[in-house]
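The data block below is protein.cif; it holds mmCIF, C-alpha atoms, pLDDT in the B column; chains and numbers go by the auth columns.
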data_input
loop_
_atom_site.group_PDB
_atom_site.id
_atom_site.type_symbol
_atom_site.label_atom_id
_atom_site.label_comp_id
_atom_site.label_asym_id
_atom_site.label_seq_id
_atom_site.Cartn_x
_atom_site.Cartn_y
_atom_site.Cartn_z
_atom_site.B_iso_or_equiv
_atom_site.auth_seq_id
_atom_site.auth_asym_id
ATOM 1 C CA MET A 1 -49.438 -35.302 -9.355 46.00 17 A
ATOM 2 C CA ALA A 2 -49.162 -34.076 -5.778 49.00 18 A
ATOM 3 C CA GLU A 3 -45.994 -36.108 -5.280 50.00 19 A
ATOM 4 C CA THR A 4 -44.244 -34.508 -8.242 52.00 20 A
ATOM 5 C CA ARG A 5 -44.693 -30.918 -7.075 56.00 21 A
ATOM 6 C CA PRO A 6 -41.999 -30.974 -4.364 59.00 22 A
ATOM 7 C CA GLN A 7 -39.591 -32.523 -6.853 59.00 23 A
ATOM 8 C CA SER A 8 -40.471 -29.883 -9.450 62.00 24 A
ATOM 9 C CA THR A 9 -40.066 -27.122 -6.871 68.00 25 A
ATOM 10 C CA SER A 10 -36.736 -28.587 -5.809 80.00 26 A
ATOM 11 C CA ARG A 11 -35.503 -28.576 -9.402 80.00 27 A
ATOM 12 C CA LEU A 12 -36.572 -24.963 -9.850 83.00 28 A
ATOM 13 C CA GLU A 13 -34.830 -23.934 -6.636 86.00 29 A
ATOM 14 C CA LYS A 14 -31.686 -25.793 -7.657 87.00 30 A
ATOM 15 C CA SER A 15 -31.738 -24.114 -11.062 86.00 31 A
ATOM 16 C CA ALA A 16 -32.239 -20.681 -9.485 88.00 32 A
ATOM 17 C CA LYS A 17 -29.322 -21.256 -7.110 90.00 33 A
ATOM 18 C CA ARG A 18 -27.150 -22.403 -10.004 92.00 34 A
ATOM 19 C CA ARG A 19 -28.020 -19.263 -11.979 93.00 35 A
ATOM 20 C CA GLN A 20 -27.236 -17.123 -8.947 92.00 36 A
ATOM 21 C CA MET A 21 -23.870 -18.820 -8.548 95.00 37 A
ATOM 22 C CA ILE A 22 -23.075 -18.309 -12.228 96.00 38 A
ATOM 23 C CA VAL A 23 -24.004 -14.626 -12.066 94.00 39 A
ATOM 24 C CA GLU A 24 -21.864 -14.052 -8.964 93.00 40 A
ATOM 25 C CA THR A 25 -18.944 -15.922 -10.532 95.00 41 A
ATOM 26 C CA ALA A 26 -19.239 -13.949 -13.761 95.00 42 A
ATOM 27 C CA ALA A 27 -19.450 -10.663 -11.871 93.00 43 A
ATOM 28 C CA GLY A 28 -16.194 -11.482 -10.088 93.00 44 A
ATOM 29 C CA LEU A 29 -14.490 -12.259 -13.396 94.00 45 A
ATOM 30 C CA PHE A 30 -15.840 -9.115 -15.059 92.00 46 A
ATOM 31 C CA ILE A 31 -14.376 -7.091 -12.179 90.00 47 A
ATOM 32 C CA GLU A 32 -11.054 -8.928 -12.367 91.00 48 A
ATOM 33 C CA LYS A 33 -10.564 -9.194 -16.131 90.00 49 A
ATOM 34 C CA GLY A 34 -13.174 -6.962 -17.760 88.00 50 A
ATOM 35 C CA PHE A 35 -16.300 -7.922 -19.700 88.00 51 A
ATOM 36 C CA HIS A 36 -14.699 -8.405 -23.102 88.00 52 A
ATOM 37 C CA GLN A 37 -11.651 -10.218 -21.721 92.00 53 A
ATOM 38 C CA THR A 38 -13.861 -12.796 -19.997 94.00 54 A
ATOM 39 C CA GLY A 39 -15.179 -15.678 -22.090 95.00 55 A
ATOM 40 C CA MET A 40 -17.993 -18.122 -21.409 96.00 56 A
ATOM 41 C CA ARG A 41 -15.378 -20.852 -21.003 96.00 57 A
ATOM 42 C CA ASP A 42 -13.692 -18.752 -18.275 97.00 58 A
ATOM 43 C CA ILE A 43 -16.995 -18.414 -16.445 96.00 59 A
ATOM 44 C CA ALA A 44 -17.775 -22.126 -16.692 96.00 60 A
ATOM 45 C CA GLY A 45 -14.314 -23.063 -15.447 96.00 61 A
ATOM 46 C CA LYS A 46 -14.441 -20.679 -12.504 96.00 62 A
ATOM 47 C CA ALA A 47 -17.965 -21.833 -11.613 95.00 63 A
ATOM 48 C CA GLY A 48 -16.927 -25.483 -11.799 95.00 64 A
ATOM 49 C CA ILE A 49 -19.527 -26.455 -14.376 95.00 65 A
ATOM 50 C CA SER A 50 -19.398 -27.647 -17.975 95.00 66 A
ATOM 51 C CA LEU A 51 -19.676 -25.176 -20.832 96.00 67 A
ATOM 52 C CA SER A 52 -22.855 -26.889 -22.040 94.00 68 A
ATOM 53 C CA ASN A 53 -24.360 -26.558 -18.556 95.00 69 A
ATOM 54 C CA LEU A 54 -23.561 -22.854 -18.585 95.00 70 A
ATOM 55 C CA TYR A 55 -25.292 -22.436 -21.941 95.00 71 A
ATOM 56 C CA ASN A 56 -28.337 -24.219 -20.527 94.00 72 A
ATOM 57 C CA HIS A 57 -28.741 -21.255 -18.170 95.00 73 A
ATOM 58 C CA PHE A 58 -27.458 -18.362 -20.282 95.00 74 A
ATOM 59 C CA LYS A 59 -27.156 -18.040 -24.054 93.00 75 A
ATOM 60 C CA GLY A 60 -24.199 -15.684 -23.750 92.00 76 A
ATOM 61 C CA LYS A 61 -22.437 -12.982 -21.750 91.00 77 A
ATOM 62 C CA ASN A 62 -25.060 -10.396 -22.630 87.00 78 A
ATOM 63 C CA GLU A 63 -27.702 -12.430 -20.797 91.00 79 A
ATOM 64 C CA ILE A 64 -25.391 -12.735 -17.806 93.00 80 A
ATOM 65 C CA ILE A 65 -24.657 -9.028 -17.574 87.00 81 A
ATOM 66 C CA ALA A 66 -28.383 -8.354 -17.993 86.00 82 A
ATOM 67 C CA ALA A 67 -28.963 -10.594 -14.957 90.00 83 A
ATOM 68 C CA ILE A 68 -26.269 -8.675 -13.070 88.00 84 A
ATOM 69 C CA SER A 69 -28.020 -5.406 -13.943 83.00 85 A
ATOM 70 C CA GLU A 70 -31.283 -6.783 -12.564 84.00 86 A
ATOM 71 C CA LEU A 71 -29.543 -7.832 -9.341 84.00 87 A
ATOM 72 C CA GLU A 72 -28.031 -4.361 -8.955 83.00 88 A
ATOM 73 C CA SER A 73 -31.513 -2.910 -9.273 83.00 89 A
ATOM 74 C CA VAL A 74 -32.758 -5.195 -6.481 86.00 90 A
ATOM 75 C CA GLU A 75 -29.788 -4.212 -4.304 86.00 91 A
ATOM 76 C CA LEU A 76 -30.878 -0.577 -4.542 90.00 92 A
ATOM 77 C CA ASP A 77 -34.273 -1.317 -2.957 91.00 93 A
ATOM 78 C CA PRO A 78 -33.109 -0.704 0.651 91.00 94 A
ATOM 79 C CA LEU A 79 -31.659 2.669 -0.375 92.00 95 A
ATOM 80 C CA LEU A 80 -34.855 3.637 -2.149 92.00 96 A
ATOM 81 C CA ARG A 81 -36.827 2.745 0.975 91.00 97 A
ATOM 82 C CA ARG A 82 -34.711 5.295 2.838 89.00 98 A
ATOM 83 C CA LEU A 83 -36.074 7.967 0.530 92.00 99 A
ATOM 84 C CA GLU A 84 -39.659 6.787 1.082 90.00 100 A
ATOM 85 C CA ASP A 85 -39.517 6.681 4.899 90.00 101 A
ATOM 86 C CA THR A 86 -42.151 9.276 5.798 87.00 102 A
ATOM 87 C CA SER A 87 -41.345 9.010 9.521 89.00 103 A
ATOM 88 C CA LYS A 88 -38.435 11.379 8.768 90.00 104 A
ATOM 89 C CA ASN A 89 -38.338 14.723 7.017 89.00 105 A
ATOM 90 C CA ARG A 90 -37.130 14.869 3.433 90.00 106 A
ATOM 91 C CA MET A 91 -33.714 16.271 4.309 91.00 107 A
ATOM 92 C CA GLU A 92 -33.022 13.422 6.737 92.00 108 A
ATOM 93 C CA ARG A 93 -34.113 10.904 4.128 94.00 109 A
ATOM 94 C CA LEU A 94 -31.990 12.482 1.408 94.00 110 A
ATOM 95 C CA LEU A 95 -28.859 12.667 3.568 95.00 111 A
ATOM 96 C CA GLU A 96 -29.225 9.090 4.829 95.00 112 A
ATOM 97 C CA PHE A 97 -29.635 7.926 1.251 96.00 113 A
ATOM 98 C CA GLY A 98 -26.663 10.040 0.174 96.00 114 A
ATOM 99 C CA ALA A 99 -24.399 8.533 2.830 96.00 115 A
ATOM 100 C CA GLU A 100 -25.344 4.938 1.978 95.00 116 A
ATOM 101 C CA TYR A 101 -25.226 5.492 -1.777 96.00 117 A
ATOM 102 C CA PHE A 102 -21.789 7.102 -1.418 97.00 118 A
ATOM 103 C CA ASP A 103 -20.577 4.024 0.483 96.00 119 A
ATOM 104 C CA LEU A 104 -21.900 1.786 -2.293 94.00 120 A
ATOM 105 C CA CYS A 105 -20.340 3.866 -5.074 94.00 121 A
ATOM 106 C CA SER A 106 -16.989 3.992 -3.268 95.00 122 A
ATOM 107 C CA SER A 107 -16.779 0.193 -3.059 93.00 123 A
ATOM 108 C CA PRO A 108 -13.995 -0.887 -5.466 92.00 124 A
ATOM 109 C CA ALA A 109 -15.958 -3.947 -6.609 90.00 125 A
ATOM 110 C CA HIS A 110 -19.129 -1.947 -7.240 90.00 126 A
ATOM 111 C CA ALA A 111 -17.227 0.799 -9.057 90.00 127 A
ATOM 112 C CA ALA A 112 -15.465 -1.687 -11.338 89.00 128 A
ATOM 113 C CA LEU A 113 -18.616 -3.661 -12.130 88.00 129 A
ATOM 114 C CA SER A 114 -20.693 -0.521 -12.692 87.00 130 A
ATOM 115 C CA ALA A 115 -18.118 0.737 -15.180 87.00 131 A
ATOM 116 C CA GLU A 116 -18.435 -2.519 -17.132 86.00 132 A
ATOM 117 C CA ILE A 117 -22.245 -2.371 -17.092 85.00 133 A
ATOM 118 C CA VAL A 118 -22.359 1.282 -18.180 86.00 134 A
ATOM 119 C CA ALA A 119 -19.888 0.637 -20.999 86.00 135 A
ATOM 120 C CA GLU A 120 -21.923 -2.329 -22.218 84.00 136 A
ATOM 121 C CA ALA A 121 -25.181 -0.375 -21.882 85.00 137 A
ATOM 122 C CA PHE A 122 -23.965 1.966 -24.621 87.00 138 A
ATOM 123 C CA ARG A 123 -23.347 -0.980 -26.960 86.00 139 A
ATOM 124 C CA ASN A 124 -26.313 -3.199 -26.132 84.00 140 A
ATOM 125 C CA PRO A 125 -29.869 -1.751 -26.270 87.00 141 A
ATOM 126 C CA GLU A 126 -31.284 -4.474 -23.989 83.00 142 A
ATOM 127 C CA ILE A 127 -28.746 -3.789 -21.252 84.00 143 A
ATOM 128 C CA GLY A 128 -29.118 -0.075 -21.888 87.00 144 A
ATOM 129 C CA GLY A 129 -32.853 -0.418 -21.278 88.00 145 A
ATOM 130 C CA LEU A 130 -32.291 -2.170 -17.944 84.00 146 A
ATOM 131 C CA PHE A 131 -29.779 0.499 -16.957 86.00 147 A
ATOM 132 C CA GLU A 132 -32.246 3.274 -17.833 89.00 148 A
ATOM 133 C CA GLN A 133 -35.036 1.607 -15.833 89.00 149 A
ATOM 134 C CA THR A 134 -32.846 1.456 -12.739 88.00 150 A
ATOM 135 C CA ARG A 135 -31.704 5.026 -13.308 91.00 151 A
ATOM 136 C CA ALA A 136 -35.276 6.246 -13.667 93.00 152 A
ATOM 137 C CA ARG A 137 -36.225 4.666 -10.326 92.00 153 A
ATOM 138 C CA LEU A 138 -33.333 6.423 -8.617 94.00 154 A
ATOM 139 C CA VAL A 139 -34.074 9.782 -10.221 95.00 155 A
ATOM 140 C CA GLN A 140 -37.771 9.639 -9.345 94.00 156 A
ATOM 141 C CA ALA A 141 -37.106 8.649 -5.726 94.00 157 A
ATOM 142 C CA VAL A 142 -34.612 11.488 -5.244 95.00 158 A
ATOM 143 C CA ALA A 143 -36.838 13.975 -7.086 93.00 159 A
ATOM 144 C CA ASN A 144 -39.679 13.170 -4.676 91.00 160 A
ATOM 145 C CA CYS A 145 -37.476 14.365 -1.812 89.00 161 A
ATOM 146 C CA LEU A 146 -36.533 17.706 -3.363 88.00 162 A
ATOM 147 C CA PRO A 147 -38.167 21.075 -2.521 79.00 163 A
ATOM 148 C CA THR A 148 -41.677 21.519 -3.910 69.00 164 A
ATOM 149 C CA PHE A 149 -40.679 24.768 -5.654 64.00 165 A
ATOM 150 C CA GLU A 150 -38.285 22.890 -7.961 67.00 166 A
ATOM 151 C CA LYS A 151 -39.438 23.429 -11.555 81.00 167 A
ATOM 152 C CA THR A 152 -37.277 20.625 -12.942 87.00 168 A
ATOM 153 C CA PRO A 153 -37.015 18.074 -10.105 89.00 169 A
ATOM 154 C CA ALA A 154 -35.759 15.276 -12.371 91.00 170 A
ATOM 155 C CA THR A 155 -32.863 17.420 -13.608 92.00 171 A
ATOM 156 C CA SER A 156 -32.005 18.474 -10.057 91.00 172 A
ATOM 157 C CA ALA A 157 -32.194 14.839 -8.937 94.00 173 A
ATOM 158 C CA GLU A 158 -29.732 13.877 -11.679 95.00 174 A
ATOM 159 C CA LEU A 159 -27.338 16.550 -10.410 93.00 175 A
ATOM 160 C CA VAL A 160 -27.635 15.292 -6.826 95.00 176 A
ATOM 161 C CA LEU A 161 -27.067 11.690 -7.918 96.00 177 A
ATOM 162 C CA GLY A 162 -24.135 12.724 -10.092 95.00 178 A
ATOM 163 C CA LEU A 163 -22.507 14.490 -7.152 96.00 179 A
ATOM 164 C CA ILE A 164 -22.924 11.466 -4.874 96.00 180 A
ATOM 165 C CA GLU A 165 -21.697 9.026 -7.516 95.00 181 A
ATOM 166 C CA ARG A 166 -18.690 11.076 -8.565 95.00 182 A
ATOM 167 C CA SER A 167 -17.701 11.717 -4.950 96.00 183 A
ATOM 168 C CA GLY A 168 -17.936 7.989 -4.258 95.00 184 A
ATOM 169 C CA GLN A 169 -15.848 7.133 -7.306 94.00 185 A
ATOM 170 C CA ASN A 170 -13.205 9.647 -6.237 94.00 186 A
ATOM 171 C CA ALA A 171 -13.052 7.931 -2.846 95.00 187 A
ATOM 172 C CA VAL A 172 -12.464 4.415 -4.189 94.00 188 A
ATOM 173 C CA SER A 173 -8.682 4.436 -3.795 91.00 189 A
ATOM 174 C CA ARG A 174 -8.495 6.807 -0.810 94.00 190 A
ATOM 175 C CA ASP A 175 -7.712 5.928 2.794 94.00 191 A
ATOM 176 C CA VAL A 176 -10.478 5.687 5.404 93.00 192 A
ATOM 177 C CA SER A 177 -9.919 9.194 6.773 95.00 193 A
ATOM 178 C CA THR A 178 -10.051 10.818 3.343 95.00 194 A
ATOM 179 C CA ARG A 179 -13.143 8.816 2.403 95.00 195 A
ATOM 180 C CA LYS A 180 -14.932 10.102 5.516 95.00 196 A
ATOM 181 C CA GLN A 181 -13.953 13.678 4.691 96.00 197 A
ATOM 182 C CA LEU A 182 -15.189 13.319 1.123 96.00 198 A
ATOM 183 C CA ARG A 183 -18.486 11.897 2.321 96.00 199 A
ATOM 184 C CA GLN A 184 -19.004 14.657 4.891 96.00 200 A
ATOM 185 C CA SER A 185 -18.173 17.360 2.338 96.00 201 A
ATOM 186 C CA MET A 186 -20.532 15.824 -0.209 96.00 202 A
ATOM 187 C CA LEU A 187 -23.401 15.613 2.280 96.00 203 A
ATOM 188 C CA ALA A 188 -22.831 19.201 3.415 95.00 204 A
ATOM 189 C CA PHE A 189 -22.900 20.365 -0.199 94.00 205 A
ATOM 190 C CA VAL A 190 -26.141 18.465 -0.881 93.00 206 A
ATOM 191 C CA GLU A 191 -27.730 19.977 2.217 92.00 207 A
ATOM 192 C CA ARG A 192 -26.786 23.502 1.152 90.00 208 A
ATOM 193 C CA ALA A 193 -27.789 22.922 -2.460 86.00 209 A
ATOM 194 C CA VAL A 194 -31.347 21.768 -1.821 85.00 210 A
ATOM 195 C CA GLY A 195 -32.102 24.399 0.821 74.00 211 A
ATOM 196 C CA THR A 196 -33.755 24.448 4.224 56.00 212 A
ATOM 197 C CA GLU A 197 -37.326 23.666 3.115 53.00 213 A
ATOM 198 C CA LEU A 198 -36.651 19.933 3.328 56.00 214 A
ATOM 199 C CA LYS A 199 -36.062 20.112 7.069 55.00 215 A
ATOM 200 C CA HIS A 200 -39.720 20.857 7.624 47.00 216 A
ATOM 201 C CA GLY A 201 -41.413 18.220 5.510 49.00 217 A
#
Have the structure of the file written as structure tokens, please.
Amino acid sequence: MAETRPQSTSRLEKSAKRRQMIVETAAGLFIEKGFHQTGMRDIAGKAGISLSNLYNHFKGKNEIIAAISELESVELDPLLRRLEDTSKNRMERLLEFGAEYFDLCSSPAHAALSAEIVAEAFRNPEIGGLFEQTRARLVQAVANCLPTFEKTPATSAELVLGLIERSGQNAVSRDVSTRKQLRQSMLAFVERAVGTELKHG
């Protein structure tokens, strides 16, 4: 039995890498062509695998976009850690998060893929549930950095996130100089909106 474990582990690792490759390939096609314009055959062809092999890993596009949603959630972990870094005051944490989240939201690839995921989340309850879980993590992390006198921290956190996201989306097609100006203006607005209390704790 001991001799079969490395082989079993190797197969699992190979399968995981294949799934990762499929997800990344599908994400690229969803960005390029859109979710509904991309078929499973397109994904298999682009990934260089047979259609039957693709179906061995994913039953359909909904499972693939669910996997993409899970990956996006994992990619947010470093940003969430910014908000939890107690070596800095809450304002510093919030502004560092805001700058990095703006950069993410202003990435053309991220903006295009997020639009596809959000659109599909409205149609598919499973994907909608994944989207809401990720959103709840973001809202809670931002809310924890807001002033203690806030009576509705979750609502205020949604407003802060909405400002960052919309500013980032507006910057997608702008030149570098304009993007920097938009980011600076957004951060200044966030700083004024949440008040001075955050600078002391």
Please build the interface table for range 140-172 of chain A against range 87-94 of chain A with a cut-off of 10 Å, listing for each qualifying residue the nearest atom pair and the distance in Å to one decimal; count only C-alpha atoms, order rows by chain and increasing number, and write it as a Markdown table.
| residue | atom | partner | partner_atom | distance |
| --- | --- | --- | --- | --- |
| A:Leu146 | CA | A:Ser89 | CA | 8.7 |
| A:Phe147 | CA | A:Ser89 | CA | 8.6 |
| A:Gln149 | CA | A:Ser89 | CA | 8.7 |
| A:Thr150 | CA | A:Ser89 | CA | 5.7 |
| A:Arg151 | CA | A:Ser89 | CA | 8.9 |
| A:Arg153 | CA | A:Ser89 | CA | 9.0 |
| A:Leu154 | CA | A:Leu92 | CA | 8.5 |
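Take the candidates A:Ser68, A:Glu142, A:Asp119, A:Ala157 and check each one against Arg97 in chain A using all atoms listed in the file; the shortest distance goes to A:Ala157.
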Legend entry - Straight-line distance linking CA of Ala63 in chain A with CA of Ala135 in chain A, stated in Å to one decimal: 24.4 Å
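Considering all atoms listed in the file, the residue among A:Pro169, A:Gly211, A:Gly144, A:Gly44 positioned nearest to Leu129 in chain A is A:Gly44.
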Legend entry - Nearest-residue call for Lys104 in chain A, choices A:Ser201, A:Arg190, A:Cys161, A:Glu40, using all atoms listed in the file: A:Cys161
Inset, instruction - Tell me which protein, DNA and RNA residues are within 12 Å of Gln200 in chain A, counting all atoms listed in the file, leaving out same-chain ones fewer than 5 positions away, and put them as a ChimeraX atom specification. - result: /A:111-112,114-116,118-119,180,183-184,187,193-195,205-207
